[in-house]
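Participant: Quick one: the structure is below, questions incoming.
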2 protein chains.
Amino acid sequence: MNQAAYAAVDWGTSSFRLWLVDRSGQPLTERRSDEGMTVAAKSGFSAVLQSHLAAVDAAPDLPVIICGMAGARQGWVEAGYVDAPAPLDAILAGAVSVSGQSRDIRILPGIAQRDTSAPDVMRGEETQLLGALGNEAVSEALVCMPGTHSKWAEVRSGTVARFATFMTGELFSAISRETILSHALTGAEATEDRGAFQDAVVAAFKAPAFAANLLFRVRSRQLLFGGTPAEARGTISGTLIGLELAAGLAKHMPRGSVTLVASGRLAAFYRLAFDTLSVAVQPIDADEAVLAGLSRAASAIWKR
Amino acid sequence: MNQAAYAAVDWGTSSFRLWLVDRSGQPLTERRSDEGMTVAAKSGFSAVLQSHLAAVDAAPDLPVIICGMAGARQGWVEAGYVDAPAPLDAILAGAVSVSGQSRDIRILPGIAQRDTSAPDVMRGEETQLLGALGNEAVSEALVCMPGTHSKWAEVRSGTVARFATFMTGELFSAISRETILSHALTGAEATEDRGAFQDAVVAAFKAPAFAANLLFRVRSRQLLFGGTPAEARGTISGTLIGLELAAGLAKHMPRGSVTLVASGRLAAFYRLAFDTLSVAVQPIDADEAVLAGLSRAASAIWKR
C-alpha cells in the first residue's frame with residue numbers, strides 16, 4: 001500500500017492524466033492516456049477512472065479530485081461554471097460530487113464570462129491558474145496559457161477578472177491540413193524554421209489585420225523564391241502566435257512580465273515569440289501547474 | 001454558322017467558363033463546367049476545350065483567348081508572370097501561344113510581385129482588372145476582388161502598382177468545416193444572420209488582432225447564451241471579411257470609392273461589409289469584368 005492521500009486527475013477533451021499524490025502534495029506516480037472526454041463518453045467515465053486507479057493499486061476509499069472536460073455538459077457530471085470575475089477560491093467551493101461511487105470523487109467547475117459582448121469559457125485552465133499563481137494570488141498577473149484554445153487571463157488579488165480564448169492551435173491545425181498551404185508543408189518533418197517563425201511573429205504583431213495575407217505569402221514565397229517546408233511551418237505558426245500576442249498584449253501591457261503557463265514544444269515556441277518581442281516572461285510548467293492546482297483543491301476540500 | 005469572332009475562356013482551378021464572342025465584344029453564348037485545372041490536368045486541357053467548342057458549334061479556325069490557371073505551371077502551357085508594377089498592357093503582350101493546335105490559342109500571363117518581404121501572385125484577376133478598369137485605366141483605383149483568395153490591387157495610370165492576397169474564403173471553409181465551430185453551424189442552411197455579420201465586421205475591423213478570439217466567441221456565445229447556426233455563420237464570415245477590410249483599407253483609404261469586382265452572394269456580402277463601415281463602393285460584376293478583359297485582350301492580339 002502506497003502513501004497516497006488522494007488521486008488527482010486532469011481530464012481533457014482528448015487526454016487523461018492521473019497522479020497519486022501524498023500528504024505533502026508530491027506526486028508518487030503518474031499515468032497518461034488518450035482516454036479524454038471524447039473516448040470516455042463512450043467507454044464510461046467511471047470505468048476509465050477505475051481502470052487507472054486499479055493499475056496504480058489505489059486504496060478503495062482513496063478520494064479523487066478532477067478538473068477539465070469531465071465536468072462539461074457532455075462530460076461525466078456537469079460541474080457548471082463560476083462566473084467571472086471569479087475568485088479562485090470559488091472554484092474550490094464549486095466542486096461537484098460524483099454520486100453513486102464507492103469513493104469520494106469531486107469535479108471542479110470551469111469559469112464563464114457571461115458578457116454578451118465578450119462571452120468566454122474555460123474548463124481546466126482555472127485549475128492551472130490556481131496552481132500557477134498559488135500564494136502569489138494576491139498580486140496582479142497577466143497569464144498566457146497556450147494550446148488548441150489559448151487562454152489569456154487577467155488575475156487580480158486572487159480573482160480572475162477577465163479572460164479571452166484564442167483558437168490559435170486549432171487554426172494552425174486547420175490551416176496546415178485543409179488549405180492550399182498544406183502543399184507548402186509537404187515532406188516537412190514537424191520542425192519550424194526559427195528565423196521564419198520570428199519574422200512572422202513580428203509581422204503579425206505589427207500588422208495583425210494582414211494575418212490572412214501573411215499566411216498566403218507562404219504560398220507566394222514558395223512559388224516565386226522557393227523555400228523549405230520548415231520555413232513554411234515556421235511562418236504559419238509565427239503568424240498565428242504573433243496575432244494572438246498582439247491581442248493578448250494590446251490592452252494591458254504588463255508592468256512586470258507575462259506569466260506563461262505551458263509545457264514542452266508549445267512552451268518553447270511561445271517563449272521564443274515573447275523573446276522576439278522583448279516581452280519578459282515568467283515561465284511555469286503547465287503540468288506542474290495543474291497538479292499544484294488540483295492539490296490545492298484537495299487540501300481545501302479534504303483538509304489534508 | 002454563328003457570328004463568333006473568337007472564344008473567350010476563364011479557366012480557374014475548379015471552374016471552366018467559355019463564351020463565344022462577336023466582333024463587338026458581345027457574348028453570343030456561354031458554357032460553364034467544373035472542368036477546372038484540377039480536372040483538366042487529368043482529362044487533358046485540349047480535350048476539355050475541344051468538347052466545349054464542339055458543343056457550341058465553333059468554327060475549326062475560331063481563335064481562343066484564355067486566362068487563369070490554364071497558364072499555371074501545373075496547367076496547360078505555362079504563361080508565366082508579368083512583374084509588378086505591371087502595366088495592364090503588358091499582360092496582353094505576354095500572351096503565350098499553345099503550339100500543336102489547329103486553331104490559334106493564346107493564354108494570358110499572371111502578375112507576380114517579386115518583393116521578398118511581400119511576395120504575391122495572381123492569375124486570372126489581372127484579366128478582371130483589365131476588364132473592370134477598361135478605359136478608366138488612366139485613373140487611380142483601389143480594387144477589391146473577393147474570393148477563395150481575395151485580391152486587393154492598387155492600380156495607377158493603367159499599372160498594377162501593388163497587390164495583396166488574403167486567404168479569406170479558404171479560411172472560412174477550413175474554419176467552418178474543420179474546427180470546433182463546425183458544431184455551431186450544424187443544421188444551418190447556408191444562410192448568414194445579417195446583424196451578426198455586421199457586428200462581426202465592425203469588431204474585426206476595429207480590433208483585427210482579436211480575430212482568433214472573435215471566432216471562438218461563436219462557441220462561447222452558443223454555450224452561454226444559445227444562438228442560431230445562421231448567427232454563427234454570420235459571425236465567422238463577418239470576422240474574416242472585417243479582418244480583410246481592416247488590412248485592405250489600412251494603407252490607402254481611398255479618396256473616392258473602392259472598386260468591388262464580385263458576383264452573386266460574395267458581392268452582396270462584401271457590399272454589406274463596406275456599407276457597414278461607411279466605405280463607398282463602385283460595384284463591377286466579376287463575370288462581366290473577366291469577359292471584358294478577355295475581349296480587350298482578343299481585340300489587341302487579333303486586331304478585331
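Residue names in the C-alpha cells use chain letters A, B, ... in the order shown, residue numbers from 1 in each chain, and ligand numbers from 1 in the order shown.
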Against chain A, which residues of chain B fall within 9 Å? For each one I want the closest pair of atoms and the distance in Å (one decimal), counting only C-alpha atoms, rows by chain and increasing residue number, as JSON lines.
Facilitator:
```
{"residue": "B:Ala112", "atom": "CA", "partner": "A:Leu224", "partner_atom": "CA", "distance": 7.9}
{"residue": "B:Gln113", "atom": "CA", "partner": "A:Leu224", "partner_atom": "CA", "distance": 8.6}
{"residue": "B:Arg114", "atom": "CA", "partner": "A:Leu224", "partner_atom": "CA", "distance": 6.8}
{"residue": "B:Thr116", "atom": "CA", "partner": "A:Arg221", "partner_atom": "CA", "distance": 7.4}
{"residue": "B:Ser117", "atom": "CA", "partner": "A:Arg217", "partner_atom": "CA", "distance": 9.0}
{"residue": "B:Ala118", "atom": "CA", "partner": "A:Arg217", "partner_atom": "CA", "distance": 6.9}
{"residue": "B:Pro119", "atom": "CA", "partner": "A:Ser220", "partner_atom": "CA", "distance": 5.6}
{"residue": "B:Asp120", "atom": "CA", "partner": "A:Ser220", "partner_atom": "CA", "distance": 4.9}
{"residue": "B:Val121", "atom": "CA", "partner": "A:Ser220", "partner_atom": "CA", "distance": 6.0}
{"residue": "B:His149", "atom": "CA", "partner": "A:Phe216", "partner_atom": "CA", "distance": 8.3}
{"residue": "B:Ala164", "atom": "CA", "partner": "A:Asn213", "partner_atom": "CA", "distance": 6.6}
{"residue": "B:Thr165", "atom": "CA", "partner": "A:Asn213", "partner_atom": "CA", "distance": 5.5}
{"residue": "B:Phe166", "atom": "CA", "partner": "A:Asn213", "partner_atom": "CA", "distance": 4.4}
{"residue": "B:Met167", "atom": "CA", "partner": "A:Ala212", "partner_atom": "CA", "distance": 5.2}
{"residue": "B:Thr168", "atom": "CA", "partner": "A:Ala212", "partner_atom": "CA", "distance": 6.4}
{"residue": "B:Glu170", "atom": "CA", "partner": "A:Thr179", "partner_atom": "CA", "distance": 6.5}
{"residue": "B:Leu171", "atom": "CA", "partner": "A:Ile175", "partner_atom": "CA", "distance": 7.3}
{"residue": "B:Ser173", "atom": "CA", "partner": "A:Glu178", "partner_atom": "CA", "distance": 8.7}
{"residue": "B:Ala174", "atom": "CA", "partner": "A:Glu178", "partner_atom": "CA", "distance": 5.9}
{"residue": "B:Ile175", "atom": "CA", "partner": "A:Ala174", "partner_atom": "CA", "distance": 6.8}
{"residue": "B:Arg177", "atom": "CA", "partner": "A:Ala174", "partner_atom": "CA", "distance": 8.9}
{"residue": "B:Glu178", "atom": "CA", "partner": "A:Ala174", "partner_atom": "CA", "distance": 5.9}
{"residue": "B:Thr179", "atom": "CA", "partner": "A:Glu170", "partner_atom": "CA", "distance": 6.5}
{"residue": "B:Ile180", "atom": "CA", "partner": "A:Glu170", "partner_atom": "CA", "distance": 8.3}
{"residue": "B:Ala204", "atom": "CA", "partner": "A:Ala209", "partner_atom": "CA", "distance": 8.4}
{"residue": "B:Phe205", "atom": "CA", "partner": "A:Ala209", "partner_atom": "CA", "distance": 7.9}
{"residue": "B:Ala207", "atom": "CA", "partner": "A:Ala247", "partner_atom": "CA", "distance": 8.1}
{"residue": "B:Pro208", "atom": "CA", "partner": "A:Ala209", "partner_atom": "CA", "distance": 4.9}
{"residue": "B:Ala209", "atom": "CA", "partner": "A:Ala247", "partner_atom": "CA", "distance": 4.9}
{"residue": "B:Phe210", "atom": "CA", "partner": "A:Ala247", "partner_atom": "CA", "distance": 5.3}
{"residue": "B:Ala211", "atom": "CA", "partner": "A:Leu243", "partner_atom": "CA", "distance": 8.1}
{"residue": "B:Ala212", "atom": "CA", "partner": "A:Phe166", "partner_atom": "CA", "distance": 4.8}
{"residue": "B:Asn213", "atom": "CA", "partner": "A:Phe166", "partner_atom": "CA", "distance": 4.3}
{"residue": "B:Leu214", "atom": "CA", "partner": "A:Phe166", "partner_atom": "CA", "distance": 8.0}
{"residue": "B:Leu215", "atom": "CA", "partner": "A:Met167", "partner_atom": "CA", "distance": 7.4}
{"residue": "B:Phe216", "atom": "CA", "partner": "A:Met167", "partner_atom": "CA", "distance": 6.2}
{"residue": "B:Arg217", "atom": "CA", "partner": "A:Pro119", "partner_atom": "CA", "distance": 6.0}
{"residue": "B:Val218", "atom": "CA", "partner": "A:Pro119", "partner_atom": "CA", "distance": 8.7}
{"residue": "B:Arg219", "atom": "CA", "partner": "A:Asp120", "partner_atom": "CA", "distance": 8.3}
{"residue": "B:Ser220", "atom": "CA", "partner": "A:Asp120", "partner_atom": "CA", "distance": 4.9}
{"residue": "B:Arg221", "atom": "CA", "partner": "A:Pro119", "partner_atom": "CA", "distance": 5.6}
{"residue": "B:Leu223", "atom": "CA", "partner": "A:Val121", "partner_atom": "CA", "distance": 8.3}
{"residue": "B:Leu224", "atom": "CA", "partner": "A:Arg114", "partner_atom": "CA", "distance": 6.8}
{"residue": "B:Phe225", "atom": "CA", "partner": "A:Thr116", "partner_atom": "CA", "distance": 8.0}
{"residue": "B:Leu240", "atom": "CA", "partner": "A:Ala212", "partner_atom": "CA", "distance": 8.5}
{"residue": "B:Gly242", "atom": "CA", "partner": "A:Ala209", "partner_atom": "CA", "distance": 8.9}
{"residue": "B:Leu243", "atom": "CA", "partner": "A:Ala209", "partner_atom": "CA", "distance": 5.5}
{"residue": "B:Glu244", "atom": "CA", "partner": "A:Ala209", "partner_atom": "CA", "distance": 6.7}
{"residue": "B:Leu245", "atom": "CA", "partner": "A:Ala209", "partner_atom": "CA", "distance": 8.2}
{"residue": "B:Ala246", "atom": "CA", "partner": "A:Ala209", "partner_atom": "CA", "distance": 5.6}
{"residue": "B:Ala247", "atom": "CA", "partner": "A:Ala209", "partner_atom": "CA", "distance": 4.9}
{"residue": "B:Gly248", "atom": "CA", "partner": "A:Phe210", "partner_atom": "CA", "distance": 8.3}
{"residue": "B:Ala250", "atom": "CA", "partner": "A:Ala209", "partner_atom": "CA", "distance": 8.4}
```
Participant: How would the residues just chosen look if you wrote them out with N, CA and C atoms as a short mmCIF file (atom, residue, chain, number, x, y, z; two decimals), in the first residue's frame?
Facilitator:
```cif
data_model
loop_
_atom_site.label_atom_id
_atom_site.label_comp_id
_atom_site.auth_asym_id
_atom_site.auth_seq_id
_atom_site.Cartn_x
_atom_site.Cartn_y
_atom_site.Cartn_z
N ALA B 112 3.18 38.79 -60.97
CA ALA B 112 3.96 38.40 -59.78
C ALA B 112 4.50 39.66 -59.12
N GLN B 113 4.46 39.66 -57.81
CA GLN B 113 5.08 40.74 -57.03
C GLN B 113 6.33 40.13 -56.38
N ARG B 114 7.48 40.32 -57.05
CA ARG B 114 8.72 39.66 -56.58
C ARG B 114 9.40 40.50 -55.52
N THR B 116 10.59 40.29 -51.76
CA THR B 116 10.81 39.23 -50.78
C THR B 116 10.06 39.47 -49.48
N SER B 117 9.77 40.74 -49.18
CA SER B 117 9.05 41.00 -47.94
C SER B 117 7.53 40.97 -48.13
N ALA B 118 7.07 40.97 -49.36
CA ALA B 118 5.62 40.87 -49.62
C ALA B 118 5.39 40.17 -50.96
N PRO B 119 5.87 38.93 -51.07
CA PRO B 119 5.70 38.21 -52.34
C PRO B 119 4.22 37.93 -52.57
N ASP B 120 3.82 37.99 -53.84
CA ASP B 120 2.42 37.68 -54.12
C ASP B 120 2.26 37.31 -55.60
N VAL B 121 1.18 36.62 -55.88
CA VAL B 121 0.88 36.20 -57.25
C VAL B 121 -0.61 36.30 -57.52
N HIS B 149 -9.27 33.22 -52.56
CA HIS B 149 -8.08 34.01 -52.27
C HIS B 149 -8.35 35.43 -52.77
N ALA B 164 -2.17 42.46 -52.92
CA ALA B 164 -2.04 41.54 -51.79
C ALA B 164 -3.19 40.54 -51.83
N THR B 165 -2.86 39.31 -51.49
CA THR B 165 -3.86 38.23 -51.46
C THR B 165 -4.21 37.90 -50.02
N PHE B 166 -5.48 37.72 -49.76
CA PHE B 166 -5.97 37.32 -48.44
C PHE B 166 -6.72 36.00 -48.57
N MET B 167 -6.40 35.05 -47.69
CA MET B 167 -6.99 33.72 -47.80
C MET B 167 -8.40 33.66 -47.21
N THR B 168 -9.14 34.72 -47.29
CA THR B 168 -10.42 34.85 -46.59
C THR B 168 -11.39 33.70 -46.87
N GLU B 170 -10.91 30.75 -48.23
CA GLU B 170 -10.41 29.43 -47.85
C GLU B 170 -10.38 29.28 -46.32
N LEU B 171 -10.06 30.36 -45.61
CA LEU B 171 -10.11 30.29 -44.15
C LEU B 171 -11.54 30.03 -43.68
N SER B 173 -13.86 28.37 -45.21
CA SER B 173 -14.17 26.95 -45.43
C SER B 173 -13.50 26.07 -44.39
N ALA B 174 -12.20 26.30 -44.16
CA ALA B 174 -11.46 25.44 -43.23
C ALA B 174 -11.99 25.58 -41.81
N ILE B 175 -12.29 26.81 -41.41
CA ILE B 175 -12.76 27.06 -40.04
C ILE B 175 -14.18 26.50 -39.85
N ARG B 177 -15.55 24.01 -41.42
CA ARG B 177 -15.64 22.56 -41.54
C ARG B 177 -14.75 21.82 -40.55
N GLU B 178 -13.58 22.40 -40.22
CA GLU B 178 -12.54 21.61 -39.55
C GLU B 178 -12.21 22.04 -38.14
N THR B 179 -13.00 22.93 -37.55
CA THR B 179 -12.73 23.31 -36.16
C THR B 179 -13.97 23.06 -35.30
N ILE B 180 -13.83 23.34 -34.01
CA ILE B 180 -14.93 23.15 -33.06
C ILE B 180 -16.13 24.00 -33.46
N ALA B 204 -14.06 43.01 -35.98
CA ALA B 204 -12.77 42.61 -36.55
C ALA B 204 -12.06 43.80 -37.19
N PHE B 205 -12.83 44.70 -37.77
CA PHE B 205 -12.22 45.89 -38.39
C PHE B 205 -11.58 46.77 -37.33
N ALA B 207 -10.63 45.79 -34.17
CA ALA B 207 -9.62 45.09 -33.37
C ALA B 207 -9.18 43.82 -34.08
N PRO B 208 -8.48 43.98 -35.22
CA PRO B 208 -8.11 42.80 -36.01
C PRO B 208 -7.26 41.79 -35.25
N ALA B 209 -6.48 42.27 -34.28
CA ALA B 209 -5.63 41.34 -33.51
C ALA B 209 -6.47 40.29 -32.80
N PHE B 210 -7.72 40.62 -32.51
CA PHE B 210 -8.58 39.71 -31.77
C PHE B 210 -9.32 38.70 -32.66
N ALA B 211 -8.92 38.58 -33.91
CA ALA B 211 -9.64 37.71 -34.85
C ALA B 211 -9.85 36.30 -34.29
N ALA B 212 -8.78 35.69 -33.74
CA ALA B 212 -8.88 34.31 -33.27
C ALA B 212 -9.73 34.20 -32.02
N ASN B 213 -9.91 35.33 -31.31
CA ASN B 213 -10.80 35.38 -30.16
C ASN B 213 -12.25 35.62 -30.61
N LEU B 214 -12.43 36.51 -31.58
CA LEU B 214 -13.77 36.78 -32.11
C LEU B 214 -14.38 35.49 -32.66
N LEU B 215 -13.54 34.68 -33.29
CA LEU B 215 -14.04 33.40 -33.81
C LEU B 215 -14.48 32.48 -32.68
N PHE B 216 -13.67 32.39 -31.62
CA PHE B 216 -14.02 31.49 -30.52
C PHE B 216 -15.31 31.92 -29.82
N ARG B 217 -15.59 33.22 -29.86
CA ARG B 217 -16.82 33.70 -29.21
C ARG B 217 -18.07 33.06 -29.80
N VAL B 218 -17.96 32.59 -31.05
CA VAL B 218 -19.09 31.87 -31.66
C VAL B 218 -19.43 30.67 -30.77
N ARG B 219 -18.40 29.98 -30.33
CA ARG B 219 -18.58 28.81 -29.47
C ARG B 219 -19.08 29.23 -28.08
N SER B 220 -18.39 30.21 -27.49
CA SER B 220 -18.75 30.64 -26.13
C SER B 220 -20.18 31.15 -26.09
N ARG B 221 -20.54 31.93 -27.10
CA ARG B 221 -21.88 32.53 -27.12
C ARG B 221 -22.95 31.44 -27.17
N LEU B 223 -22.64 28.35 -26.04
CA LEU B 223 -22.65 27.65 -24.76
C LEU B 223 -23.38 28.45 -23.69
N LEU B 224 -23.14 29.76 -23.65
CA LEU B 224 -23.66 30.58 -22.56
C LEU B 224 -25.02 31.20 -22.84
N PHE B 225 -25.27 31.54 -24.08
CA PHE B 225 -26.50 32.29 -24.39
C PHE B 225 -27.34 31.63 -25.47
N LEU B 240 -13.98 37.31 -40.69
CA LEU B 240 -12.92 37.14 -41.68
C LEU B 240 -12.94 38.26 -42.73
N GLY B 242 -14.21 41.32 -42.16
CA GLY B 242 -13.80 42.53 -41.44
C GLY B 242 -12.29 42.60 -41.28
N LEU B 243 -11.67 41.44 -41.02
CA LEU B 243 -10.21 41.37 -40.92
C LEU B 243 -9.57 41.76 -42.24
N GLU B 244 -10.10 41.23 -43.33
CA GLU B 244 -9.56 41.56 -44.66
C GLU B 244 -9.71 43.05 -44.96
N LEU B 245 -10.86 43.61 -44.65
CA LEU B 245 -11.08 45.03 -44.93
C LEU B 245 -10.18 45.92 -44.08
N ALA B 246 -9.91 45.48 -42.85
CA ALA B 246 -9.01 46.27 -41.99
C ALA B 246 -7.64 46.41 -42.64
N ALA B 247 -7.21 45.35 -43.31
CA ALA B 247 -5.91 45.40 -44.00
C ALA B 247 -6.02 46.15 -45.33
N GLY B 248 -7.03 45.80 -46.10
CA GLY B 248 -7.18 46.39 -47.44
C GLY B 248 -7.35 47.89 -47.39
N ALA B 250 -6.30 49.77 -44.84
CA ALA B 250 -5.39 50.35 -43.84
C ALA B 250 -4.47 51.42 -44.43
#
```
Participant: Name the residues in contact with A:Val290 at a cut-off of 8 Å, using only C-alpha atoms, excluding same-chain residues fewer than 3 positions from it; report them as a PyMOL selection string.
Facilitator: chain A and resi 10+124-125+127-132+286-287+293-294
Participant: Save the residues we just selected, N, CA and C atoms, as a CSV table (one decimal), in the first residue's frame?
Facilitator:
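Full text of part_37.csv as output:
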```
chain,number,residue,atom,x,y,z
A,10,ASP,N,-6.5,15.2,-14.4
A,10,ASP,CA,-6.7,16.3,-15.4
A,10,ASP,C,-7.3,15.6,-16.6
A,124,GLY,N,-10.6,23.7,-16.9
A,124,GLY,CA,-9.3,23.1,-16.8
A,124,GLY,C,-8.2,24.1,-16.5
A,125,GLU,N,-8.3,25.2,-17.3
A,125,GLU,CA,-7.3,26.3,-17.1
A,125,GLU,C,-7.4,27.0,-15.8
A,127,THR,N,-7.8,25.6,-13.1
A,127,THR,CA,-7.1,24.8,-12.1
A,127,THR,C,-5.6,25.1,-12.3
A,128,GLN,N,-5.2,25.3,-13.6
A,128,GLN,CA,-3.8,25.8,-13.8
A,128,GLN,C,-3.5,27.1,-13.2
A,129,LEU,N,-4.5,28.0,-13.3
A,129,LEU,CA,-4.3,29.3,-12.6
A,129,LEU,C,-4.1,29.2,-11.1
A,130,LEU,N,-5.0,28.3,-10.6
A,130,LEU,CA,-4.9,28.1,-9.1
A,130,LEU,C,-3.5,27.6,-8.7
A,131,GLY,N,-3.0,26.7,-9.5
A,131,GLY,CA,-1.7,26.1,-9.2
A,131,GLY,C,-0.6,27.1,-9.6
A,132,ALA,N,-0.7,27.8,-10.7
A,132,ALA,CA,0.4,28.7,-11.1
A,132,ALA,C,0.6,29.9,-10.2
A,286,ALA,N,3.1,23.8,-17.3
A,286,ALA,CA,1.7,23.6,-17.3
A,286,ALA,C,1.3,22.4,-16.5
A,287,ASP,N,2.1,21.3,-16.7
A,287,ASP,CA,1.8,20.0,-16.0
A,287,ASP,C,1.9,20.2,-14.5
A,293,GLY,N,-2.6,22.9,-8.7
A,293,GLY,CA,-4.0,23.4,-8.6
A,293,GLY,C,-4.9,22.3,-8.0
A,294,LEU,N,-4.8,21.1,-8.5
A,294,LEU,CA,-5.6,20.0,-8.0
A,294,LEU,C,-5.2,19.7,-6.6
```
Participant: Using DSSP on the backbone coordinates, identify the residues of stretch 33-193 of chain A assigned to alpha helix (DSSP H); present them as a VMD selection string.
Facilitator: chain A and resid 37 to 43 45 to 55 88 to 93 125 to 133 168 to 178
Participant: Please produce a file of the residues just selected, as a PDB file, in the first residue's frame, where the atoms kept are C-alpha atoms.
Facilitator:
```
ATOM      1  CA  MET A  37     -13.763  13.092 -22.656  1.00  0.00           C
ATOM      2  CA  THR A  38     -14.404  12.027 -26.238  1.00  0.00           C
ATOM      3  CA  VAL A  39     -13.285   8.439 -25.577  1.00  0.00           C
ATOM      4  CA  ALA A  40     -14.640   8.221 -22.009  1.00  0.00           C
ATOM      5  CA  ALA A  41     -18.078   9.435 -23.073  1.00  0.00           C
ATOM      6  CA  LYS A  42     -18.335   6.154 -24.982  1.00  0.00           C
ATOM      7  CA  SER A  43     -16.450   3.718 -22.752  1.00  0.00           C
ATOM      8  CA  PHE A  45     -16.017   7.730 -17.219  1.00  0.00           C
ATOM      9  CA  SER A  46     -16.281   5.535 -14.133  1.00  0.00           C
ATOM     10  CA  ALA A  47     -14.742   2.540 -15.901  1.00  0.00           C
ATOM     11  CA  VAL A  48     -11.858   4.579 -17.296  1.00  0.00           C
ATOM     12  CA  LEU A  49     -11.066   6.110 -13.913  1.00  0.00           C
ATOM     13  CA  GLN A  50     -11.367   2.786 -12.097  1.00  0.00           C
ATOM     14  CA  SER A  51      -9.020   1.021 -14.520  1.00  0.00           C
ATOM     15  CA  HIS A  52      -6.301   3.599 -13.927  1.00  0.00           C
ATOM     16  CA  LEU A  53      -6.794   3.566 -10.152  1.00  0.00           C
ATOM     17  CA  ALA A  54      -6.570  -0.247 -10.134  1.00  0.00           C
ATOM     18  CA  ALA A  55      -3.403  -0.116 -12.242  1.00  0.00           C
ATOM     19  CA  LEU A  88     -10.013  31.335  -7.444  1.00  0.00           C
ATOM     20  CA  ASP A  89     -11.318  30.179  -4.058  1.00  0.00           C
ATOM     21  CA  ALA A  90     -14.812  29.990  -5.535  1.00  0.00           C
ATOM     22  CA  ILE A  91     -13.554  27.222  -7.797  1.00  0.00           C
ATOM     23  CA  LEU A  92     -12.752  25.108  -4.763  1.00  0.00           C
ATOM     24  CA  ALA A  93     -16.156  25.844  -3.278  1.00  0.00           C
ATOM     25  CA  GLU A 125      -7.273  26.302 -17.147  1.00  0.00           C
ATOM     26  CA  GLU A 126      -8.844  27.672 -13.934  1.00  0.00           C
ATOM     27  CA  THR A 127      -7.052  24.847 -12.110  1.00  0.00           C
ATOM     28  CA  GLN A 128      -3.769  25.753 -13.822  1.00  0.00           C
ATOM     29  CA  LEU A 129      -4.291  29.324 -12.641  1.00  0.00           C
ATOM     30  CA  LEU A 130      -4.936  28.091  -9.127  1.00  0.00           C
ATOM     31  CA  GLY A 131      -1.693  26.142  -9.214  1.00  0.00           C
ATOM     32  CA  ALA A 132       0.389  28.654 -11.148  1.00  0.00           C
ATOM     33  CA  LEU A 133      -0.412  31.657  -9.014  1.00  0.00           C
ATOM     34  CA  THR A 168      -4.574  29.640 -32.242  1.00  0.00           C
ATOM     35  CA  GLY A 169      -3.711  25.940 -32.010  1.00  0.00           C
ATOM     36  CA  GLU A 170      -6.831  24.790 -33.798  1.00  0.00           C
ATOM     37  CA  LEU A 171      -6.371  27.386 -36.543  1.00  0.00           C
ATOM     38  CA  PHE A 172      -2.826  26.123 -37.056  1.00  0.00           C
ATOM     39  CA  SER A 173      -4.112  22.567 -37.494  1.00  0.00           C
ATOM     40  CA  ALA A 174      -6.937  23.517 -39.842  1.00  0.00           C
ATOM     41  CA  ILE A 175      -4.774  25.824 -41.965  1.00  0.00           C
ATOM     42  CA  SER A 176      -1.876  23.366 -42.156  1.00  0.00           C
ATOM     43  CA  ARG A 177      -4.054  20.451 -43.187  1.00  0.00           C
ATOM     44  CA  GLU A 178      -7.048  21.889 -45.015  1.00  0.00           C
TER      45      GLU A 178
END
```
Participant: So, counting only C-alpha atoms, which residue among B:Ile284, B:Ile301, B:Gly12, B:Arg23 is closest to B:Ser97?
Facilitator: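 Nearest to B:Ser97: B:Ile301.
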Participant: Nearest to A:Gly36 among A:Cys67, A:Ala297, A:Ala273, A:Val21, with distances taken over only C-alpha atoms: which residue is it?
Facilitator: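 Of A:Cys67, A:Ala297, A:Ala273, A:Val21, the one nearest A:Gly36 is A:Cys67, counting only C-alpha atoms.
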Participant: DSSP on the backbone: which residues in stretch 97-181 of chain A end up as strand (DSSP E or B)? Give the answer as a ChimeraX atom specification.
Facilitator: /A:97,105-107,110-113,120-122,140-145,150-156,159-166
Participant: Keeping only C-alpha atoms, write the selected residues to a file as a compact mmCIF listing (two decimals), in the first residue's frame.
Facilitator:
```txt
# COMPACT_ATOMS: atom_id res chain seq x y z
CA SER A 97 -19.51 15.34 -6.01
CA ILE A 105 -14.92 11.94 -6.22
CA ARG A 106 -15.11 15.70 -6.85
CA ILE A 107 -15.07 17.59 -10.13
CA GLY A 110 -14.94 25.98 -15.00
CA ILE A 111 -15.20 29.75 -15.32
CA ALA A 112 -17.71 31.59 -17.51
CA GLN A 113 -17.54 35.19 -18.65
CA ASP A 120 -15.99 33.18 -22.93
CA VAL A 121 -15.50 29.90 -21.10
CA MET A 122 -12.63 27.90 -19.63
CA GLU A 140 -1.67 41.14 -10.33
CA ALA A 141 -0.85 38.81 -13.19
CA LEU A 142 -1.38 38.57 -16.92
CA VAL A 143 -1.34 34.86 -17.67
CA CYS A 144 -0.92 33.24 -21.10
CA MET A 145 -1.91 29.58 -21.35
CA SER A 150 -5.16 29.52 -25.84
CA LYS A 151 -6.39 31.41 -22.81
CA TRP A 152 -5.24 34.81 -21.62
CA ALA A 153 -6.36 35.75 -18.12
CA GLU A 154 -6.02 38.89 -16.04
CA VAL A 155 -5.84 37.89 -12.40
CA ARG A 156 -6.02 40.47 -9.62
CA THR A 159 -9.65 36.80 -8.76
CA VAL A 160 -9.87 36.03 -12.48
CA ALA A 161 -11.05 39.44 -13.63
CA ARG A 162 -11.23 38.91 -17.41
CA PHE A 163 -10.12 36.28 -19.86
CA ALA A 164 -10.15 35.60 -23.57
CA THR A 165 -9.77 32.47 -25.66
CA PHE A 166 -7.87 32.40 -28.96
```
